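Chemist: For reference, the structure I am asking about is given below.
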Amino acid sequence: MGRWLAARVAHAIVTLAVAATLLFFLMRIVPGDPLSRLSDDRPISPREIARLRERYGLDQPLGRQYAAFLSGTARGDLGVSIEFGRPVTRLIAERLPATLLLGGTVLLLNFTLGLWLGVRQAVRRGGATDRWLEIASLAGYSVPSFWLGLLLAWLAATRWRILPSGGMHDVLLGPDAGMVPVTIDVLRHLVLPALTLSLVSIAATMRYQRTAMLEALALPFVQTARAKGIAERRVVWHHAWRNALFPVITLFGLWLPILVTGSVFVEQVFAWPGLGSLAAGAVGGRDYPLLMGTALLASALVVAGGLIADLLYALLDPRVRHA
Amino acid sequence: MTPLLEVRDLRISFPTGGGRITPVDGVSFALERGRTLALVGESGCGKSLTSLAVLQLVPAPGVIDPSSRIRLGDTDLLALRGEALREVRGRRIGMIFQDPMTSLNPVFTVGDQIAEGILAHFDVPRREAMARAERLVGEVGIGDAKARLTAYPHQLSGGMRQRVMIAIALAAEPEILIADEPTTALDVTVQAQILEVLDGLRESRGMAVLLITHDLGIVAGRADRVAVMYAGQIVEEAPTAELFERPSHPYTQGLFASVPRLEGPLSRLTPIRGTVPPPTAWPAGCRFRPRCPIVHPRSETMPPLLDVGPDHRMRCWLAEGET
Amino acid sequence: MSPAGALLRAVWRRMSGRIGVVVLAAMITGAVAGPFVLPSPIAQPDIEHGGRPPSLAHPMGTDQLSRDVLARVAGGARVSLSVAAIAVAMSIGVGALVGLFAGYKGGAVDAVAMRLVDAALAIPRLFLLLLLLALWERIPLVVFIVAVGATGWFGTSRLVRGEVLRLRESEYVAAARALGGGGGRIMFRHLLPNAIGPLLVAATLGVGDVILLEAGLSFLGLGIQPPTPSWGGMIFDAREVLVTAPWASVFPALAITLTVLAANLIGDALRDAADPRSA
């Protein structure tokens, strides 16, 4: 187990390092260098650009640039944002909590409601509930997330005026407001982005769980369990579901990219101050160190998700645990 | 004397793309207290489905025809639902399945899986259930019972797993044990051991046994009565000695002719010509007709079960000439 | 009947697959026939009075620049569907080639290729596209298609490689080799056809993904550039009039949703047909 873990972590690190390399060279195959388009959007003199180019080492040979990039990344130095003039890592650190709150909520919804619905579908396979849930979840998956967000924002904030349409805090709430009002305020802001992102992502979880559960329910040991005379609820959740969990754990690794991608659009729509809107803003500002930094972080999240999934797998499956 | 378990006119059908099929078509038999009845037939003849129907374990989308009757003493088993059904499963009728590799849940320990059946039917603390599980594991001939309780199925051999299956089926001390091809998936030497364990338990507990098998060899000296099934119907039924002495239905005769015998004159093994047709291709009239070496002139009409001798009946027009 | 033909027939037999095929066929018909029967998608007949609600003359209304929304949805179908088709064809082709070679050659080739694919799969596709597209002043259509196609083949290559590994040691490949079949012949005549089913599934689902991606990139200003109509671009253009002229974004959004839904329904039906166990 110890050796397996070490090998798995090493694999994750290598993957991330190769991903970073891919990202670096990707930036270089785009015509011109990353700073050449700066003057399109803001008044900036050619001298200023030359100064920036020097600062970012873009006047150096490619090999040296790559070495600098790798050593910087390894030390946790992702450069300085052009737009904000501050270290990218600092900006990311500031935005991370908001994204974790949003992502965590969506993750929680997926892995509670989504799994539960998927199991219900499998148990009532072919029934009306199964079919409607199937269609509803597929529809959610097929809607462009930003458009759904705009629609919900218009409905809830403009039409019904029940929820704030964007941001994370009410500006009218003073800095001396107590814990409780602030928490409630943040939660109210959280509802719409979390709902949007959940609606577009829950289909994948449900369908995965449904398929896995159908397979598990068809396994002979489920019949053994029923023949024992235990409650059907226990047959479903204790026996079948424990085994249908493994494919879903694998999904966890596949699932983070969906979340990271979705958060770019949804955070942008709702002005949620997280990494997604940071990345979207970096696109608009042609802030390539910031864009690079967020892309690296997104990749790190995906790799970490795969690692966590493998760990969970090993913890839950005695066949792996004792291997 | 009223039989302990009585199956009357059991019909199980499945919807398919081209209409309904009825893989179990009018099966009737009775099992006396403390006796062993063998249900013999090739795979696909409906014998396993028949045994599953007793505990309402027929897999979806299979449907038991409402005119079918299965009685356990005074209880109408097919009318039971929910709690009442669970009280019969495991407690009054225990069941062993064919494949010990897949019939145990891979993620729970042997002890948990045995104790579960005890806890489902007896109001005992977990410790007591575990102690009983340990005794059972010893009883089915597994050495070092205490250590085995914490093992997972994948850590055991096939024979060991089938012993565990038996322990699970016996956990709640049932009056009837249904053994569905209990040794088919095992090596020949292990088969003998498992049968020995079953014989011992049947005697010490005075259980009635419904033995489902394709192997006439394990029926002799073990079963009190034999019912031979072909294409969803019982084609011959008699006390074991009588059937072995005077196999009368051409199908039963064919089964004996294709099994090498130790006693009697050495004769050529003659397999039954053709193959078992699937339920979609059963002929009208006598279902064995296309493969029958004799073919009675009246075989265009389905024969009923006719007496061939005292307590000996078969589904063949030839019986008419004999009595 | 060819395996692909049998699969398509099986899709048609399923209700969900049939709905998907009909919706997609309707979209394609609109895309092809639109220019002949509808006004020009870029004409601005009445620039002073844009954003008209649906009427007989303009069944889906007009946008803020007084362009006919129906004509633009049809024109967008042309662009969005062909972009998706070309990009997906590219992804599937490259993915199949890489998977075939990696799986068949094995050894170091396979190890290196799959390590790279693993790393590429770790970067969410959207971020790859942001990096590729963010620095252009105006993104040429060709560049857009190539970028989308070039970032979509990693999963496909894994899929094909898996299939090749499964079959490489099989008896009939051994037989083909014994008969003196060369590597290329074995790969393309024996191994690739076995992956057709999974590839078709991947391609259909891929079309849905690309259409959603195109819409998302448009929302970030990195999509197909105006005045070429694309569904994503239409929603992006209409974001300011979401409340006053909702039809300008509702109809392209519906078009996207229906098309993606259709692609997914067909993909699911294909998968069920290829692998009845997962139904």
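We label chains A, B, ... in the order they appear in the structure tokens, count residues from 1 in each chain, and number ligands from 1 in the order shown.
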Quick one: which chain B residues come within 8 Å of chain A, and what is the nearest atom pair for each with the distance in Å to one decimal, counting only C-alpha atoms, rows ordered by chain and ascending number, as a tab-separated table?
Modeler:
residue	atom	partner	partner_atom	distance
B:Leu55	CA	A:Ala227	CA	7.1
B:Leu57	CA	A:Gln223	CA	7.2
B:Glu83	CA	A:Ala231	CA	7.9
B:Leu85	CA	A:Gly229	CA	7.6
B:Arg86	CA	A:Gly229	CA	4.2
B:Glu87	CA	A:Gly229	CA	6.3
B:Val88	CA	A:Gly229	CA	7.0
B:Arg89	CA	A:Gly229	CA	4.4
B:Gly90	CA	A:Lys228	CA	4.3
B:Arg91	CA	A:Gly229	CA	7.3
B:Gly94	CA	A:Ala227	CA	7.0
B:Met95	CA	A:Ala227	CA	6.5
B:Ile96	CA	A:Thr224	CA	7.8
B:Phe97	CA	A:Thr224	CA	7.4
B:Thr102	CA	A:Pro220	CA	5.7
B:Ser103	CA	A:Phe221	CA	4.0
B:Leu104	CA	A:Phe221	CA	5.0
B:Asn105	CA	A:Phe221	CA	5.4
B:Pro106	CA	A:Pro318	CA	7.6
B:Val107	CA	A:Pro318	CA	6.0
B:Glu116	CA	A:Ile230	CA	7.8
B:Gly117	CA	A:Lys228	CA	5.3
B:Ala120	CA	A:Ile230	CA	5.7
B:His121	CA	A:Gly229	CA	7.8
B:Tyr152	CA	A:Pro318	CA	7.2
B:His154	CA	A:Arg319	CA	6.8
B:Ile168	CA	A:Lys228	CA	7.6
B:Ala169	CA	A:Lys228	CA	7.1
Chemist: Run DSSP on the backbone and tell me which residues of range 86-207 of chain B come out as helix (DSSP H, G or I); list them as a ChimeraX atom specification.
Modeler: /B:86-88,110-121,126-139,145-148,153-155,158-170,188-205
Chemist: Kindly indicate which residue among B:Arg8, B:Arg81, B:Lys47, B:Arg135 lies nearest to Leu31 in chain B, using only C-alpha atoms for the distances.
Modeler: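 Comparing B:Arg8, B:Arg81, B:Lys47, B:Arg135 against Leu31 in chain B, the winner is B:Arg8.
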Chemist: Within 9 Å of chain A, which residues belong to chain C? Use only C-alpha atoms and report them as a PyMOL selection string.
Modeler: chain C and resi 115-116+118-128+130-137+208-209+212-213+215-216+219-222+232+235+239+242-243+249-250+253-254+256-261+264-265+277-279
Chemist: Would you write out those residues with C-alpha atoms, as a PDB file, in the first residue's frame?
Modeler:
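What follows is the written file selection-v4.pdb:
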ATOM      1  CA  ARG C 115       2.213  10.182 -20.605  1.00  0.00           C
ATOM      2  CA  LEU C 116       1.666  13.201 -22.844  1.00  0.00           C
ATOM      3  CA  ASP C 118      -2.422  11.990 -19.507  1.00  0.00           C
ATOM      4  CA  ALA C 119      -0.899  15.416 -19.008  1.00  0.00           C
ATOM      5  CA  ALA C 120      -3.038  16.958 -21.732  1.00  0.00           C
ATOM      6  CA  LEU C 121      -6.157  15.418 -20.222  1.00  0.00           C
ATOM      7  CA  ALA C 122      -5.253  17.048 -16.911  1.00  0.00           C
ATOM      8  CA  ILE C 123      -5.615  20.518 -18.453  1.00  0.00           C
ATOM      9  CA  PRO C 124      -9.307  21.362 -18.825  1.00  0.00           C
ATOM     10  CA  ARG C 125     -10.001  21.798 -22.535  1.00  0.00           C
ATOM     11  CA  LEU C 126     -11.443  25.268 -22.006  1.00  0.00           C
ATOM     12  CA  PHE C 127      -8.142  26.509 -20.565  1.00  0.00           C
ATOM     13  CA  LEU C 128      -6.194  25.067 -23.493  1.00  0.00           C
ATOM     14  CA  LEU C 130      -8.271  30.176 -23.779  1.00  0.00           C
ATOM     15  CA  LEU C 131      -4.480  30.070 -24.058  1.00  0.00           C
ATOM     16  CA  LEU C 132      -4.627  29.293 -27.774  1.00  0.00           C
ATOM     17  CA  LEU C 133      -7.201  31.935 -28.637  1.00  0.00           C
ATOM     18  CA  ALA C 134      -6.802  34.779 -26.145  1.00  0.00           C
ATOM     19  CA  LEU C 135      -4.014  36.587 -27.967  1.00  0.00           C
ATOM     20  CA  TRP C 136      -5.525  36.929 -31.443  1.00  0.00           C
ATOM     21  CA  GLU C 137      -6.854  40.275 -32.521  1.00  0.00           C
ATOM     22  CA  GLY C 208     -22.422  18.260 -28.470  1.00  0.00           C
ATOM     23  CA  ASP C 209     -19.326  19.205 -26.490  1.00  0.00           C
ATOM     24  CA  LEU C 212     -21.304  24.028 -26.047  1.00  0.00           C
ATOM     25  CA  LEU C 213     -17.642  25.024 -26.120  1.00  0.00           C
ATOM     26  CA  ALA C 215     -21.041  28.982 -27.195  1.00  0.00           C
ATOM     27  CA  GLY C 216     -18.954  29.364 -24.068  1.00  0.00           C
ATOM     28  CA  PHE C 219     -19.479  34.379 -24.289  1.00  0.00           C
ATOM     29  CA  LEU C 220     -15.869  35.160 -23.359  1.00  0.00           C
ATOM     30  CA  GLY C 221     -15.395  36.981 -26.666  1.00  0.00           C
ATOM     31  CA  LEU C 222     -13.186  34.238 -28.119  1.00  0.00           C
ATOM     32  CA  GLY C 232     -22.825  31.354 -29.210  1.00  0.00           C
ATOM     33  CA  ILE C 235     -26.267  35.032 -27.333  1.00  0.00           C
ATOM     34  CA  ARG C 239     -26.657  39.907 -23.719  1.00  0.00           C
ATOM     35  CA  LEU C 242     -31.656  39.999 -22.638  1.00  0.00           C
ATOM     36  CA  VAL C 243     -34.603  41.675 -20.914  1.00  0.00           C
ATOM     37  CA  SER C 249     -30.940  35.076 -27.232  1.00  0.00           C
ATOM     38  CA  VAL C 250     -33.653  32.579 -26.350  1.00  0.00           C
ATOM     39  CA  ALA C 253     -29.889  29.152 -26.857  1.00  0.00           C
ATOM     40  CA  LEU C 254     -32.741  26.778 -27.655  1.00  0.00           C
ATOM     41  CA  ILE C 256     -27.845  24.986 -28.902  1.00  0.00           C
ATOM     42  CA  THR C 257     -29.731  23.042 -26.241  1.00  0.00           C
ATOM     43  CA  LEU C 258     -31.749  21.027 -28.743  1.00  0.00           C
ATOM     44  CA  THR C 259     -28.732  20.190 -30.863  1.00  0.00           C
ATOM     45  CA  VAL C 260     -26.592  19.160 -27.907  1.00  0.00           C
ATOM     46  CA  LEU C 261     -29.502  17.167 -26.537  1.00  0.00           C
ATOM     47  CA  ASN C 264     -26.361  13.161 -26.612  1.00  0.00           C
ATOM     48  CA  LEU C 265     -29.498  11.140 -27.307  1.00  0.00           C
ATOM     49  CA  ARG C 277     -25.379  -4.340 -20.998  1.00  0.00           C
ATOM     50  CA  SER C 278     -25.261  -0.628 -20.210  1.00  0.00           C
ATOM     51  CA  ALA C 279     -28.822   0.004 -21.367  1.00  0.00           C
TER      52      ALA C 279
END
Chemist: Using only C-alpha atoms, which residues sit within 12 Å of Arg189 in chain C once same-chain residues fewer than 4 positions away are excluded, as a list in words?
Modeler: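 Near Arg189 in chain C, the qualifying residues are Leu100, Tyr172, Val173, Ala176, Arg177, Gly181, Gly182, Gly183, Gly184, Arg185, Pro193, Asn194, Ala195 and Ile196 of chain C.
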Chemist: Separation of CA of Pro59 in chain B and CA of Gly44 in chain B, in Å?
Modeler: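 Straight-line distance from CA of Pro59 in chain B to CA of Gly44 in chain B works out to 14.8 Å.
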Chemist: If you count only C-alpha atoms, which residues fall within 7 Å of range 277-292 of chain B, apart from same-chain ones fewer than 2 positions away, as a VMD selection string?
Modeler: chain B and resid 21 to 23 231 250 273 to 275 294 to 295 299 to 303
Chemist: Within 10 Å of range 1-7 of chain A, counting only C-alpha atoms, which residues qualify if same-chain residues fewer than 4 places away don't, as a list of chain:residue names?
Modeler: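 After dropping sequence-adjacent residues, the list is A:His11, A:Ala12, A:Ile13, A:Leu307, A:Asp310, A:Leu311, A:Ala314, A:Val320, A:Arg321, A:His322, A:Ala323.
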Chemist: Please produce a file of the residues just selected, as a short mmCIF file (atom, residue, chain, number, x, y, z; two decimals), in the first residue's frame, where the atoms kept are C-alpha atoms.
Modeler:
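The resulting file, part19.cif, is shown below:
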data_model
loop_
_atom_site.label_atom_id
_atom_site.label_comp_id
_atom_site.auth_asym_id
_atom_site.auth_seq_id
_atom_site.Cartn_x
_atom_site.Cartn_y
_atom_site.Cartn_z
CA HIS A 11 2.81 9.71 -11.28
CA ALA A 12 0.65 12.68 -10.36
CA ILE A 13 3.65 14.96 -10.01
CA LEU A 307 -5.26 11.23 -6.89
CA ASP A 310 -7.55 6.61 -6.38
CA LEU A 311 -7.00 6.97 -2.65
CA ALA A 314 -8.05 1.99 -2.22
CA VAL A 320 -7.27 -3.12 -3.61
CA ARG A 321 -6.52 -2.50 0.04
CA HIS A 322 -5.17 -5.99 0.58
CA ALA A 323 -3.40 -6.21 -2.75
#
Chemist: For CA of Pro35 in chain C and CA of Gly149 in chain C, determine how far apart the two atoms are, in Å to one decimal place.
Modeler: 26.8 Å
Chemist: State, in Å with one decimal place, the distance from CA of Val248 in chain A to CA of Leu115 in chain A.
Modeler: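 CA of Leu115 in chain A lies at a distance of 8.5 Å from CA of Val248 in chain A.
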Chemist: Considering only C-alpha atoms, return as a PyMOL selection string whatever protein or nucleic-acid residues lie within 9 Å of range 188-197 of chain A, sequence-local ones (same chain, fewer than 2 positions apart) excluded.
Modeler: chain A and resi 101-103+105-106+109+145-146+148-149+152-153+156+163-170+183-186+199-202+259+262-263+266-267+269-270+272
Chemist: Keeping C-alpha atoms for every residue in the selection just given, could you write it to a file as a PDB file, in the first residue's frame?
Modeler:
ATOM      1  CA  LEU A 101     -17.078  27.643  -1.450  1.00  0.00           C
ATOM      2  CA  LEU A 102     -18.913  27.546  -4.772  1.00  0.00           C
ATOM      3  CA  GLY A 103     -17.207  24.378  -6.000  1.00  0.00           C
ATOM      4  CA  THR A 105     -21.319  23.420  -2.564  1.00  0.00           C
ATOM      5  CA  VAL A 106     -21.817  22.109  -6.077  1.00  0.00           C
ATOM      6  CA  LEU A 109     -25.018  18.713  -4.122  1.00  0.00           C
ATOM      7  CA  SER A 145     -24.306  27.286 -18.502  1.00  0.00           C
ATOM      8  CA  PHE A 146     -23.858  31.031 -18.934  1.00  0.00           C
ATOM      9  CA  LEU A 148     -28.938  29.411 -17.918  1.00  0.00           C
ATOM     10  CA  GLY A 149     -27.173  31.665 -15.424  1.00  0.00           C
ATOM     11  CA  LEU A 152     -31.936  32.519 -13.602  1.00  0.00           C
ATOM     12  CA  ALA A 153     -30.373  35.843 -12.642  1.00  0.00           C
ATOM     13  CA  ALA A 156     -34.698  35.609  -9.434  1.00  0.00           C
ATOM     14  CA  LEU A 163     -32.017  36.972  -4.595  1.00  0.00           C
ATOM     15  CA  PRO A 164     -29.015  39.136  -5.446  1.00  0.00           C
ATOM     16  CA  SER A 165     -27.931  38.765  -9.071  1.00  0.00           C
ATOM     17  CA  GLY A 166     -24.206  38.915  -8.557  1.00  0.00           C
ATOM     18  CA  GLY A 167     -21.200  39.330  -6.333  1.00  0.00           C
ATOM     19  CA  MET A 168     -20.577  37.666  -3.026  1.00  0.00           C
ATOM     20  CA  HIS A 169     -21.304  40.421  -0.519  1.00  0.00           C
ATOM     21  CA  ASP A 170     -23.924  43.095  -0.177  1.00  0.00           C
ATOM     22  CA  THR A 183     -23.022  34.380   6.557  1.00  0.00           C
ATOM     23  CA  ILE A 184     -26.635  34.710   5.486  1.00  0.00           C
ATOM     24  CA  ASP A 185     -25.635  37.372   2.986  1.00  0.00           C
ATOM     25  CA  VAL A 186     -22.934  35.173   1.432  1.00  0.00           C
ATOM     26  CA  LEU A 199     -28.017  22.018 -12.866  1.00  0.00           C
ATOM     27  CA  VAL A 200     -25.491  21.756 -15.674  1.00  0.00           C
ATOM     28  CA  SER A 201     -23.244  19.266 -13.905  1.00  0.00           C
ATOM     29  CA  ILE A 202     -25.562  16.959 -12.007  1.00  0.00           C
ATOM     30  CA  LEU A 259     -16.578  21.969 -12.425  1.00  0.00           C
ATOM     31  CA  GLY A 262     -18.275  25.548 -15.630  1.00  0.00           C
ATOM     32  CA  SER A 263     -17.071  27.895 -12.935  1.00  0.00           C
ATOM     33  CA  VAL A 266     -20.913  30.851 -14.090  1.00  0.00           C
ATOM     34  CA  GLU A 267     -18.596  32.988 -11.961  1.00  0.00           C
ATOM     35  CA  VAL A 269     -22.148  35.689 -15.129  1.00  0.00           C
ATOM     36  CA  PHE A 270     -22.678  36.190 -11.406  1.00  0.00           C
ATOM     37  CA  TRP A 272     -18.568  35.650  -8.202  1.00  0.00           C
TER      38      TRP A 272
END
Chemist: For Val123 in chain A, work out the shell of residues within 9 Å, counting only C-alpha atoms and skipping chain neighbours fewer than 4 positions away, then give it as a compact mmCIF listing (two decimals) with C-alpha atoms, in the first residue's frame.
Modeler:
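After the write, result.txt holds the following:
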# COMPACT_ATOMS: atom_id res chain seq x y z
CA GLY A 118 -29.15 8.15 -9.75
CA VAL A 119 -29.81 5.32 -7.31
CA ASP A 130 -36.53 7.36 -14.26
CA ARG A 210 -27.56 5.08 -12.49
CA MET A 213 -26.16 0.97 -9.77
CA LEU A 214 -27.93 -0.98 -12.51
CA LEU A 217 -28.10 -4.54 -8.74
CA VAL A 236 -29.99 -1.33 -2.13
Chemist: Could you write out, as a VMD selection string, all the residues of range 19-214 of chain B that DSSP marks as strand (DSSP E)?
Modeler: chain B and resid 19 to 31 36 to 40 63 to 64 69 to 72 75 to 76 93 to 96 176 to 180 208 to 213
